[in-house]
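As structure tokens, the structure follows; a few thoughts come after it.
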Number of protein chains: 2
Amino acid sequence: MATINDIGVAAAINIVTAFAFLLAFAIFRIQPVNDRVYFPKWYLKGLRSSSIQTGGFGSKFINLDFRSYIRFLNWMPEALKMPEPELVDHAGLDSVVYLRIYLLGLKIFFPIACVAFTTMVPVNWTNKGLDRLRHSNISFSDIDKLSLSNIPNGSPRFWVHLCMAYAITFWTCFILKREYQNIALMRLQFLANDQRRPNQFTVLVRNIPADPHESICELVEHFFKVNHPDHYLTFQAVHDATKLSELVLTRKQMQNLLDYNINKHMRNLSNRPVIKMGFLGCCGEEADGIKYYTSVVEGLTREISEEKQRLRTGTKSIVPAAFVSFKSRWGAAVCAQTQQTRNPTEWLTEWAAEPRDIYYDNLALPYVDLKIRRLIVGVAYFFLTFFFMIPIAFVQSLANIEGIEKAFPFLKPLIEVKLLKSIIQGFLPGIALKIFLLFLPRILMQMSKFEGFVSTSSLERRAATRFYMFQFINVFLGSIVTGTAFQQLNSFLNQSANDIPKTIGVSIPMKATFFITYIMVDGWAGVAGEILRLKPLIIYHLKNSFLVRTEKDREEATDPGTIGFNTGEPQIQLYFLLGLVYAAVSPILLPFILVFFGLAFVVYRHQVINVYNQKYESAGKFWPDVHRRVVTALVVSQLLLMGLLSTKHASKSTPLLLVLPLLTIGFHKHCKNRYQPAFVTYPLQEAMIKDTLDRIREPNLNLKAFLRDAYAHPEFRVGEDPEPEEKLESDMSPPDLVATKRWSWRNTPLPSKDSCREIP
Amino acid sequence: MATINDIGVAAAINIVTAFAFLLAFAIFRIQPVNDRVYFPKWYLKGLRSSSIQTGGFGSKFINLDFRSYIRFLNWMPEALKMPEPELVDHAGLDSVVYLRIYLLGLKIFFPIACVAFTTMVPVNWTNKGLDRLRHSNISFSDIDKLSLSNIPNGSPRFWVHLCMAYAITFWTCFILKREYQNIALMRLQFLANDQRRPNQFTVLVRNIPADPHESICELVEHFFKVNHPDHYLTFQAVHDATKLSELVLTRKQMQNLLDYNINKHMRNLSNRPVIKMGFLGCCGEEADGIKYYTSVVEGLTREISEEKQRLRTGTKSIVPAAFVSFKSRWGAAVCAQTQQTRNPTEWLTEWAAEPRDIYYDNLALPYVDLKIRRLIVGVAYFFLTFFFMIPIAFVQSLANIEGIEKAFPFLKPLIEVKLLKSIIQGFLPGIALKIFLLFLPRILMQMSKFEGFVSTSSLERRAATRFYMFQFINVFLGSIVTGTAFQQLNSFLNQSANDIPKTIGVSIPMKATFFITYIMVDGWAGVAGEILRLKPLIIYHLKNSFLVRTEKDREEATDPGTIGFNTGEPQIQLYFLLGLVYAAVSPILLPFILVFFGLAFVVYRHQVINVYNQKYESAGKFWPDVHRRVVTALVVSQLLLMGLLSTKHASKSTPLLLVLPLLTIGFHKHCKNRYQPAFVTYPLQEAMIKDTLDRIREPNLNLKAFLRDAYAHPEFRVGEDPEPEEKLESDMSPPDLVATKRWSWRNTPLPSKDSCREIP
């Protein structure tokens, strides 16, 4: 077990790292050349068009105003300044609700930490339970004297821990309930005040059954004209545009290469760039780069417009799904919440997500496929979670020094250098695991995509759930009970239900120091690294040097990124779990967690204001997941405390703990009944109020025109850009070479031909 | 363990008992005097008004046609003759679907029994596993040689049992799925062909929030006029008529006493009946019985009409619930399936059950109360199930010979008689348990009522679920693993998850003979007793002698009873469980179960045709419960077989069994998604079709008049009977003394004053 000194050293290293990151950020951010990396949000909103300059030569790239270096931490109060309602307008409700998760952590753990340090720490400290062990072989540190381990078996002092467990439960539940209530209200308010949007009137219909006599378009039109006669307005068919997407992607890559070559030529006008046509551009015939890529892009553009024409006129590519729009929000709310036909697997209706949130590739999946895919993903996830160590161990066994020497004998003298050898030996076995963990969120995202969700927000929510479970099993349980997840599963199956919490609970106090280090590395330094945005910074400057020709290109080169719910939220939840589990056992963990929550709140608030550009707005739809996971953590903490206390022979107090998980589950059920519907359905009353207001404000609104093409496939929207021919003609005339109008989803949609022949 | 001889004796006794019941029934049923007991259904349907007579003196009471005695079993083919569609018309869909549970048993177990007897019995029999034990102390019988116990540990023959388990699972699932599909179709067909009924247009709204400015009636009217403007038609307020119900009940009892006294007087006109006014009519002043009860009934009638007046004019008695009716089925379907307001605990809408199914007492319960009641009932049920033996053991310990001798010393000489003493000693300890088990369904029904369900059908379904769980834990597990349920629970908590199926599984083959006896007593003799209807027979004849004065009274004296879903279905489910558990272990049980299912099917079909009068029609809404319980039994059987095989060292085959529960649960989920909605929601397409047909057939229908008062409180309907004053005036003039018109729910409802002031 680590001593206070070890922890001190670790804390020092991590604090220094975190400070280094923060300092680097403070310097980088005030350089005008980095402005687009650290303030992309303002550019995207059109509130800033070029970086702020302080005057003087070079000030276009480097900040020469030395006074600004002194105020290097002033982004922190600035990040906290913007009031919440304004932030909702600025960044959307999703971001604001996400930030409230950090606040939730502060609200829960700050009072708990205060109480724990004033009552439990003295109770734990003034014992001699561990001193008795001083003569035995078990080593312990002063930190352990602050924990429950220091109390001798059967002591009446365990009543304090029991009371603390009750206090923690009630306080957490109280805060959780208030927060759920607030956020449900915020969501409803947000939806009520929201401007007119296509998704308010639209329902996604899936699993339209095949009919030999009618096309899908006719079928949809007839079905809704008959069954929603007073409310049905129009519909938009969904096309299978996989090929089109691929073509568009290829054209974009080729366009990049063309731009690169043109830039090269611009810098040195005498020398036209030459490329090689062979393998990877390394060998083969030579050709004029600009001409070659121009012809490729031209060909692709032709193919794209042909494919678009094919999709637009043919009906073969129409998939059995449609976006059906209604005359009123009331009509849409009714259709989304009701069963349409006898067969509950056909004509499935659900609220359409907003157009930019739709994941088009999954719309066509039939009902049976979905079930099979869910099963496959479930099994795959089980194996991923419990057996992921097997292939990694296999790769590790291959990637050792001897293996490399065998495969590449010519590297032998190099490898045999002692320093290099030790680096490889220390580095190689870990790298497979690191790569795996780096790719895990993507793997989980791919799993969700395969599973068939139809909106990006639901994909991210599902991936987050899976990531949390993975972390719970492999990070939390895996650190406490050593051994692979599968070994744990096997031993749990062979233990009695009573023994499992005991086995885990008894190891908890011993792991406190490990988790403190974990929080400092993953939490403190990680969050400080997030604000530095090293990866986007490098990519932006690379792109800026090689690809950018216009302001538009520069805009494209910045990747503002998003909050990343599928990776960020599970990480926060791990801190909730650690905090709740250790609150009654080793309260020394709590200050570290509080620092994490506080720092992360400021950092992410800054990022939300200045950087991130959310790809969709789900109006805080993820909160039920957040709530559920905190409640789960609470129940886990209660069970583990019960297990721990029962090994401490505190037989009088332990049975009283049994009530807590039951109460907590009851609390969760109550919250679910009371608040969850606000995140799932759209109440008819709300719909009616908004409809009525709309009718009064704009009695002559042409809703059909407003909705037309709102849900067209994104590639169709790109297709409405000015024809690429123009661009190719003016090939050699920068800087306005590529002046593409981009369709913004918030604007009135562009008129286009109907994607499906209208039925009279 | 019982030998074949023991079983033979038990079988003989039970077969004789069953035959005695059937013979008694065959004789009783052809006596004209019992006609109303054995064929009440025909009287109720108005197809028979007096018993069929064969002519001759006394033939009004006793059948003198001796030829009919010879054909004493001819009710059996008669019961099977009526085709299913006709039976649906005759007895409703509920009864037909209920009968199909027995058919389901036959369909599942007949092929399984055939396969088991041709393959598994030889496989089990031709072993010497048990012969080896012949020299040890463990006793076994030839019956055990037919079971899996006879196979030596680690034998490859267990592969046969594995295959059998797979075959059983697939066959059961196949039949279950087909049956679910059929019954969902039957239900939808039934609803589609059903005549116009109030419940098709009506939604029950509960938890109407209090408003200081508006009464509940105004609130309901405004809310639905605003939020369902095109579809809302009218509503009916719900009154808290508890006091009225009590008064009406008391009047009925007093009327019975009055009738008894009048009858007494009629038989002996010279002697007016005299009653005593003191305690229990045993002491106190004497009075003229007829005059006394006449005045009491008169007073109650006055009170009732005052109470009715009070309810009708005042608004204080209106509870925050209402039956809201719509202009079309579509409108009602929409309202029932959607959320109305932001707060999901207010304005809760659901399909209204048909008027005679409504349980009015629970309509007023607010949301929070419901949750608290559910919690209380859950805890109470837990204690009832796991600790019910404690009070019974306590009563048993009191009710022994010594206790009685102490309490009533004068009984001492009587009790000391040896024969009597042994009877008391054998009888008394059991009687407390028997009484408890007799009252258990009523206790469970009261629990469901307390829990707050709003329709009789849902009350019965919930009570059935609880009864099944009780039987599963206390009869099934309690018989296999001896000890009280709580002891089991405790030992299970202290065992590993792997060991529980082992502990139970290993005892299963040993208990086969016990369950065979159980099936014969509870199943064979029980079902034969059901057809005899001994209790209704006695009550009818008693009432006939003392209370009946008119044909109407005679009609009232017959209690045709109902199927009794809450007691009958859990009993059948126990046989499904036994059959599935023993199919792969001791197939000898299967013929006994088949006989039960066959006999019960014939008996209940006869009863459904001739006797039972269902109190409501839920169109087979209970089938999802039936399906779920059979699937549960299947999973339990797989787990127990797994446990049993793992103790038999069949390590190669056991892991393959792990797949079965997973597959079965997957199958259940699929069925639930695919078919359950048909039992919960009303698809909009179906509603629209029926609406359209209605509009074409009767374009000028006055729906408001049709719906008026359909959902009035039953006591209000009784109130619309001719005023009781008439009855009291004609006090002494039988036989048309009490000619009450009864409101039949199928007829057009009687017009009445509005129960709630109309709002302009």
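Residues are named by chain letter and number: chains run A, B, ... in the order of the structure tokens, numbers start at 1 in each chain, and ligands are numbered from 1 in the order shown.
Residues from chain A found within 7 Å of chain B are Asn227, Val334, Gln337, Thr338, Gln339, Gln340, Thr341, Arg342, Pro344, Thr345, Leu493, Asn494, Gln495, Ser496, Ala497, Asn498, Arg674, Pro677, Ala678, Pro683, Leu684, Gln685, Glu686 and Met688 of chain A, counting only C-alpha atoms.
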Could you list, as a tab-separated table (two decimals) with N, CA, C and O atoms, in the first residue's frame, every residue within 10 Å of region 631-634 of chain A, counting only C-alpha atoms and ignoring same-chain residues fewer than 4 positions away?
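What follows is the written file out-v7.tsv:
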chain	number	residue	atom	x	y	z
A	165	ALA	N	-24.13	6.21	5.79
A	165	ALA	CA	-24.69	5.60	4.58
A	165	ALA	C	-26.11	6.10	4.35
A	165	ALA	O	-26.50	6.42	3.21
A	168	ILE	N	-25.86	9.74	3.19
A	168	ILE	CA	-25.42	9.82	1.79
A	168	ILE	C	-26.57	9.49	0.86
A	168	ILE	O	-26.84	10.19	-0.13
A	169	THR	N	-27.29	8.40	1.19
A	169	THR	CA	-28.38	7.99	0.32
A	169	THR	C	-29.44	9.08	0.22
A	169	THR	O	-29.88	9.44	-0.88
A	172	THR	N	-28.11	12.19	-1.67
A	172	THR	CA	-27.95	11.94	-3.10
A	172	THR	C	-29.31	11.88	-3.79
A	172	THR	O	-29.51	12.47	-4.85
A	173	CYS	N	-30.24	11.15	-3.15
A	173	CYS	CA	-31.56	11.03	-3.77
A	173	CYS	C	-32.24	12.39	-3.85
A	173	CYS	O	-32.87	12.71	-4.86
A	176	LEU	N	-30.62	14.29	-6.64
A	176	LEU	CA	-30.95	13.68	-7.92
A	176	LEU	C	-32.37	14.02	-8.35
A	176	LEU	O	-32.63	14.34	-9.50
A	472	PHE	N	-17.09	-0.15	-15.63
A	472	PHE	CA	-17.50	-0.67	-14.33
A	472	PHE	C	-16.87	-2.04	-14.09
A	472	PHE	O	-16.32	-2.31	-13.03
A	573	GLN	N	-19.27	9.26	-14.78
A	573	GLN	CA	-20.00	8.31	-13.96
A	573	GLN	C	-19.07	7.46	-13.11
A	573	GLN	O	-19.42	7.05	-12.01
A	574	LEU	N	-17.88	7.19	-13.64
A	574	LEU	CA	-16.92	6.43	-12.85
A	574	LEU	C	-16.55	7.21	-11.59
A	574	LEU	O	-16.38	6.62	-10.51
A	575	TYR	N	-16.48	8.55	-11.71
A	575	TYR	CA	-16.15	9.35	-10.52
A	575	TYR	C	-17.31	9.36	-9.54
A	575	TYR	O	-17.10	9.34	-8.33
A	576	PHE	N	-18.53	9.39	-10.07
A	576	PHE	CA	-19.68	9.27	-9.16
A	576	PHE	C	-19.61	7.96	-8.39
A	576	PHE	O	-19.81	7.91	-7.18
A	577	LEU	N	-19.31	6.89	-9.12
A	577	LEU	CA	-19.23	5.57	-8.49
A	577	LEU	C	-18.16	5.56	-7.41
A	577	LEU	O	-18.41	5.14	-6.27
A	578	LEU	N	-16.97	6.04	-7.76
A	578	LEU	CA	-15.87	6.04	-6.78
A	578	LEU	C	-16.24	6.88	-5.57
A	578	LEU	O	-16.04	6.48	-4.43
A	579	GLY	N	-16.82	8.06	-5.83
A	579	GLY	CA	-17.18	8.95	-4.74
A	579	GLY	C	-18.17	8.30	-3.80
A	579	GLY	O	-17.99	8.32	-2.57
A	580	LEU	N	-19.21	7.70	-4.36
A	580	LEU	CA	-20.24	7.12	-3.50
A	580	LEU	C	-19.73	5.90	-2.75
A	580	LEU	O	-20.05	5.68	-1.59
A	581	VAL	N	-18.92	5.08	-3.43
A	581	VAL	CA	-18.42	3.88	-2.78
A	581	VAL	C	-17.47	4.25	-1.63
A	581	VAL	O	-17.52	3.67	-0.55
A	625	ASP	N	-30.56	8.53	-18.57
A	625	ASP	CA	-29.40	7.63	-18.49
A	625	ASP	C	-28.47	8.06	-17.37
A	625	ASP	O	-27.99	7.23	-16.59
A	626	VAL	N	-28.20	9.36	-17.31
A	626	VAL	CA	-27.30	9.89	-16.27
A	626	VAL	C	-27.87	9.55	-14.90
A	626	VAL	O	-27.18	9.01	-14.03
A	627	HIS	N	-29.16	9.85	-14.73
A	627	HIS	CA	-29.81	9.59	-13.45
A	627	HIS	C	-29.73	8.12	-13.08
A	627	HIS	O	-29.37	7.77	-11.96
A	638	GLN	N	-24.03	0.86	-1.63
A	638	GLN	CA	-24.71	0.32	-0.45
A	638	GLN	C	-24.41	-1.17	-0.27
A	638	GLN	O	-24.12	-1.64	0.84
A	639	LEU	N	-24.47	-1.91	-1.38
A	639	LEU	CA	-24.22	-3.35	-1.29
A	639	LEU	C	-22.80	-3.63	-0.84
A	639	LEU	O	-22.55	-4.51	0.00
A	640	LEU	N	-21.86	-2.85	-1.37
A	640	LEU	CA	-20.46	-3.10	-1.02
A	640	LEU	C	-20.20	-2.74	0.44
A	640	LEU	O	-19.48	-3.45	1.14
A	660	LEU	N	-31.70	0.14	2.61
A	660	LEU	CA	-31.26	1.21	1.71
A	660	LEU	C	-31.38	0.87	0.23
A	660	LEU	O	-31.96	1.65	-0.53
A	661	PRO	N	-30.86	-0.28	-0.24
A	661	PRO	CA	-31.00	-0.57	-1.67
A	661	PRO	C	-32.48	-0.63	-2.09
A	661	PRO	O	-32.83	-0.14	-3.16
A	664	THR	N	-33.72	2.85	-2.37
A	664	THR	CA	-33.14	3.53	-3.52
A	664	THR	C	-33.79	3.07	-4.82
A	664	THR	O	-34.08	3.88	-5.70
A	665	ILE	N	-34.04	1.75	-4.91
A	665	ILE	CA	-34.68	1.26	-6.13
A	665	ILE	C	-36.10	1.82	-6.24
A	665	ILE	O	-36.56	2.22	-7.31
A	667	PHE	N	-37.06	4.65	-5.02
A	667	PHE	CA	-36.88	6.05	-5.42
A	667	PHE	C	-36.68	6.15	-6.92
A	667	PHE	O	-37.28	7.01	-7.59
A	668	HIS	N	-35.86	5.26	-7.45
A	668	HIS	CA	-35.60	5.31	-8.89
A	668	HIS	C	-36.87	5.06	-9.69
A	668	HIS	O	-37.14	5.75	-10.68
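In this structure, CA of Ser147 (chain A) sits 8.6 Å away from CA of Ala584 (chain A).
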Inset, instruction - Write out as a list in words each polymer residue whose atoms come within 7 Å of Leu106 (chain A), counting only C-alpha atoms; drop sequence neighbours fewer than 4 positions from it. - result: Tyr102, Phe110, Leu594, Phe597 and Gly598 of chain A
Those residues you just picked out, can you put them in a file as a short mmCIF file (atom, residue, chain, number, x, y, z; two decimals), in the first residue's frame with C-alpha atoms?
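This went into out_38.cif:
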data_model
loop_
_atom_site.label_atom_id
_atom_site.label_comp_id
_atom_site.auth_asym_id
_atom_site.auth_seq_id
_atom_site.Cartn_x
_atom_site.Cartn_y
_atom_site.Cartn_z
CA TYR A 102 -20.43 18.19 -13.22
CA PHE A 110 -19.34 18.83 -1.38
CA LEU A 594 -14.26 17.39 -5.85
CA PHE A 597 -15.56 17.98 -10.78
CA GLY A 598 -14.67 21.61 -10.21
#
With only C-alpha atoms as the counted atoms, please give the residues lying no more than 10 Å from Leu204 (chain A), apart from itself and same-chain residues fewer than 4 positions off, as a short mmCIF file (atom, residue, chain, number, x, y, z; two decimals) with C-alpha atoms, in the first residue's frame.
data_model
loop_
_atom_site.label_atom_id
_atom_site.label_comp_id
_atom_site.auth_asym_id
_atom_site.auth_seq_id
_atom_site.Cartn_x
_atom_site.Cartn_y
_atom_site.Cartn_z
CA ASN A 199 -39.18 17.56 -36.51
CA PHE A 235 -44.38 12.70 -46.56
CA GLN A 236 -40.80 12.28 -47.72
CA ALA A 321 -39.39 3.91 -44.34
CA ALA A 322 -40.70 7.44 -44.64
CA PHE A 323 -40.87 10.76 -42.85
CA VAL A 324 -44.55 11.57 -42.56
CA SER A 325 -45.49 15.15 -41.76
CA ALA A 332 -47.74 14.28 -35.20
CA CYS A 335 -49.27 9.43 -34.65
CA ALA A 336 -45.97 9.02 -32.84
CA TRP A 347 -45.94 0.75 -39.64
CA LEU A 348 -43.88 1.55 -36.57
CA THR A 349 -44.10 5.23 -35.80
CA GLU A 350 -41.81 7.31 -33.62
CA TRP A 351 -40.88 10.95 -33.23
CA ALA A 352 -38.50 11.93 -35.98
CA ALA A 353 -35.27 13.30 -34.60
CA LEU A 363 -33.65 3.58 -41.62
CA VAL A 454 -31.73 5.74 -36.33
#
Find the residues near Thr456 (chain A): any atom within 9 Å, counting only C-alpha atoms, skip ones fewer than 3 places away on the same chain, and give them as a PDB file with all heavy atoms, in the first residue's frame.
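To be explicit, this is the file written out as out-v7.pdb:
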ATOM      1  N   ARG A 356     -30.592  16.898 -38.789  1.00  0.00           N
ATOM      2  CA  ARG A 356     -29.133  16.655 -38.723  1.00  0.00           C
ATOM      3  C   ARG A 356     -28.782  15.524 -37.772  1.00  0.00           C
ATOM      4  O   ARG A 356     -27.659  15.050 -37.744  1.00  0.00           O
ATOM      5  CB  ARG A 356     -28.384  17.928 -38.340  1.00  0.00           C
ATOM      6  CG  ARG A 356     -28.961  18.609 -37.139  1.00  0.00           C
ATOM      7  CD  ARG A 356     -28.233  19.889 -36.793  1.00  0.00           C
ATOM      8  NE  ARG A 356     -28.767  20.359 -35.522  1.00  0.00           N
ATOM      9  CZ  ARG A 356     -28.163  21.191 -34.707  1.00  0.00           C
ATOM     10  NH1 ARG A 356     -26.990  21.660 -35.016  1.00  0.00           N
ATOM     11  NH2 ARG A 356     -28.717  21.553 -33.575  1.00  0.00           N
ATOM     12  N   ASP A 357     -29.758  15.081 -36.948  1.00  0.00           N
ATOM     13  CA  ASP A 357     -29.509  13.993 -36.002  1.00  0.00           C
ATOM     14  C   ASP A 357     -29.781  12.618 -36.628  1.00  0.00           C
ATOM     15  O   ASP A 357     -29.332  11.604 -36.115  1.00  0.00           O
ATOM     16  CB  ASP A 357     -30.406  14.212 -34.770  1.00  0.00           C
ATOM     17  CG  ASP A 357     -30.050  13.310 -33.607  1.00  0.00           C
ATOM     18  OD1 ASP A 357     -28.985  12.667 -33.687  1.00  0.00           O
ATOM     19  OD2 ASP A 357     -30.814  13.246 -32.640  1.00  0.00           O
ATOM     20  N   ILE A 358     -30.508  12.589 -37.735  1.00  0.00           N
ATOM     21  CA  ILE A 358     -30.912  11.311 -38.337  1.00  0.00           C
ATOM     22  C   ILE A 358     -29.686  10.535 -38.846  1.00  0.00           C
ATOM     23  O   ILE A 358     -28.799  11.106 -39.483  1.00  0.00           O
ATOM     24  CB  ILE A 358     -31.869  11.564 -39.525  1.00  0.00           C
ATOM     25  CG1 ILE A 358     -33.166  12.202 -39.043  1.00  0.00           C
ATOM     26  CG2 ILE A 358     -32.133  10.275 -40.295  1.00  0.00           C
ATOM     27  CD1 ILE A 358     -34.102  11.285 -38.363  1.00  0.00           C
ATOM     28  N   TYR A 359     -29.653   9.244 -38.549  1.00  0.00           N
ATOM     29  CA  TYR A 359     -28.605   8.374 -39.103  1.00  0.00           C
ATOM     30  C   TYR A 359     -29.253   7.554 -40.219  1.00  0.00           C
ATOM     31  O   TYR A 359     -29.903   6.541 -39.974  1.00  0.00           O
ATOM     32  CB  TYR A 359     -28.056   7.486 -37.991  1.00  0.00           C
ATOM     33  CG  TYR A 359     -26.902   6.643 -38.427  1.00  0.00           C
ATOM     34  CD1 TYR A 359     -25.658   7.210 -38.670  1.00  0.00           C
ATOM     35  CD2 TYR A 359     -27.046   5.281 -38.615  1.00  0.00           C
ATOM     36  CE1 TYR A 359     -24.602   6.449 -39.092  1.00  0.00           C
ATOM     37  CE2 TYR A 359     -25.984   4.506 -39.028  1.00  0.00           C
ATOM     38  CZ  TYR A 359     -24.769   5.098 -39.262  1.00  0.00           C
ATOM     39  OH  TYR A 359     -23.726   4.335 -39.687  1.00  0.00           O
ATOM     40  N   LYS A 449     -24.146   1.345 -34.198  1.00  0.00           N
ATOM     41  CA  LYS A 449     -24.591   1.571 -35.577  1.00  0.00           C
ATOM     42  C   LYS A 449     -25.116   0.281 -36.171  1.00  0.00           C
ATOM     43  O   LYS A 449     -26.166   0.244 -36.811  1.00  0.00           O
ATOM     44  CB  LYS A 449     -23.429   2.106 -36.420  1.00  0.00           C
ATOM     45  CG  LYS A 449     -23.186   3.588 -36.204  1.00  0.00           C
ATOM     46  CD  LYS A 449     -22.067   4.105 -37.085  1.00  0.00           C
ATOM     47  CE  LYS A 449     -21.821   5.586 -36.760  1.00  0.00           C
ATOM     48  NZ  LYS A 449     -20.575   6.077 -37.351  1.00  0.00           N
ATOM     49  N   PHE A 453     -29.780   1.769 -34.556  1.00  0.00           N
ATOM     50  CA  PHE A 453     -30.429   2.999 -34.088  1.00  0.00           C
ATOM     51  C   PHE A 453     -30.488   4.012 -35.228  1.00  0.00           C
ATOM     52  O   PHE A 453     -29.627   4.024 -36.091  1.00  0.00           O
ATOM     53  CB  PHE A 453     -29.661   3.585 -32.901  1.00  0.00           C
ATOM     54  CG  PHE A 453     -29.803   2.751 -31.669  1.00  0.00           C
ATOM     55  CD1 PHE A 453     -28.833   1.832 -31.320  1.00  0.00           C
ATOM     56  CD2 PHE A 453     -30.929   2.856 -30.888  1.00  0.00           C
ATOM     57  CE1 PHE A 453     -28.970   1.048 -30.201  1.00  0.00           C
ATOM     58  CE2 PHE A 453     -31.069   2.077 -29.763  1.00  0.00           C
ATOM     59  CZ  PHE A 453     -30.095   1.164 -29.421  1.00  0.00           C
ATOM     60  N   LEU A 459     -27.467   6.682 -30.894  1.00  0.00           N
ATOM     61  CA  LEU A 459     -26.219   5.918 -31.057  1.00  0.00           C
ATOM     62  C   LEU A 459     -25.260   6.261 -29.928  1.00  0.00           C
ATOM     63  O   LEU A 459     -24.665   5.372 -29.301  1.00  0.00           O
ATOM     64  CB  LEU A 459     -25.557   6.281 -32.382  1.00  0.00           C
ATOM     65  CG  LEU A 459     -26.159   5.736 -33.671  1.00  0.00           C
ATOM     66  CD1 LEU A 459     -25.484   6.385 -34.859  1.00  0.00           C
ATOM     67  CD2 LEU A 459     -25.978   4.237 -33.727  1.00  0.00           C
ATOM     68  N   GLU A 460     -25.115   7.562 -29.669  1.00  0.00           N
ATOM     69  CA  GLU A 460     -24.164   7.978 -28.630  1.00  0.00           C
ATOM     70  C   GLU A 460     -24.626   7.529 -27.252  1.00  0.00           C
ATOM     71  O   GLU A 460     -23.811   7.108 -26.434  1.00  0.00           O
ATOM     72  CB  GLU A 460     -23.999   9.502 -28.657  1.00  0.00           C
ATOM     73  CG  GLU A 460     -23.220   9.962 -29.869  1.00  0.00           C
ATOM     74  CD  GLU A 460     -22.666  11.359 -29.702  1.00  0.00           C
ATOM     75  OE1 GLU A 460     -23.005  12.035 -28.721  1.00  0.00           O
ATOM     76  OE2 GLU A 460     -21.888  11.781 -30.584  1.00  0.00           O
ATOM     77  N   ARG A 461     -25.941   7.600 -27.018  1.00  0.00           N
ATOM     78  CA  ARG A 461     -26.431   7.182 -25.706  1.00  0.00           C
ATOM     79  C   ARG A 461     -26.155   5.705 -25.470  1.00  0.00           C
ATOM     80  O   ARG A 461     -25.716   5.289 -24.396  1.00  0.00           O
ATOM     81  CB  ARG A 461     -27.929   7.471 -25.588  1.00  0.00           C
ATOM     82  CG  ARG A 461     -28.243   8.915 -25.342  1.00  0.00           C
ATOM     83  CD  ARG A 461     -29.618   9.072 -24.743  1.00  0.00           C
ATOM     84  NE  ARG A 461     -30.654   8.598 -25.630  1.00  0.00           N
ATOM     85  CZ  ARG A 461     -31.143   9.319 -26.646  1.00  0.00           C
ATOM     86  NH1 ARG A 461     -30.689  10.523 -26.873  1.00  0.00           N
ATOM     87  NH2 ARG A 461     -32.085   8.825 -27.419  1.00  0.00           N
ATOM     88  N   LYS A 615     -23.388  18.505 -32.974  1.00  0.00           N
ATOM     89  CA  LYS A 615     -23.891  18.075 -34.285  1.00  0.00           C
ATOM     90  C   LYS A 615     -25.398  17.898 -34.277  1.00  0.00           C
ATOM     91  O   LYS A 615     -26.017  17.705 -35.309  1.00  0.00           O
ATOM     92  CB  LYS A 615     -23.215  16.762 -34.674  1.00  0.00           C
ATOM     93  CG  LYS A 615     -21.738  16.924 -34.976  1.00  0.00           C
ATOM     94  CD  LYS A 615     -21.354  16.123 -36.212  1.00  0.00           C
ATOM     95  CE  LYS A 615     -19.884  16.256 -36.526  1.00  0.00           C
ATOM     96  NZ  LYS A 615     -19.067  15.350 -35.714  1.00  0.00           N
ATOM     97  N   TYR A 616     -25.974  17.855 -33.087  1.00  0.00           N
ATOM     98  CA  TYR A 616     -27.436  17.692 -33.008  1.00  0.00           C
ATOM     99  C   TYR A 616     -27.895  18.327 -31.706  1.00  0.00           C
ATOM    100  O   TYR A 616     -27.077  18.662 -30.834  1.00  0.00           O
ATOM    101  CB  TYR A 616     -27.827  16.221 -33.041  1.00  0.00           C
ATOM    102  CG  TYR A 616     -27.218  15.413 -31.933  1.00  0.00           C
ATOM    103  CD1 TYR A 616     -27.812  15.390 -30.670  1.00  0.00           C
ATOM    104  CD2 TYR A 616     -26.039  14.701 -32.114  1.00  0.00           C
ATOM    105  CE1 TYR A 616     -27.249  14.668 -29.638  1.00  0.00           C
ATOM    106  CE2 TYR A 616     -25.470  13.983 -31.091  1.00  0.00           C
ATOM    107  CZ  TYR A 616     -26.078  13.972 -29.854  1.00  0.00           C
ATOM    108  OH  TYR A 616     -25.525  13.281 -28.815  1.00  0.00           O
TER     109      TYR A 616
END
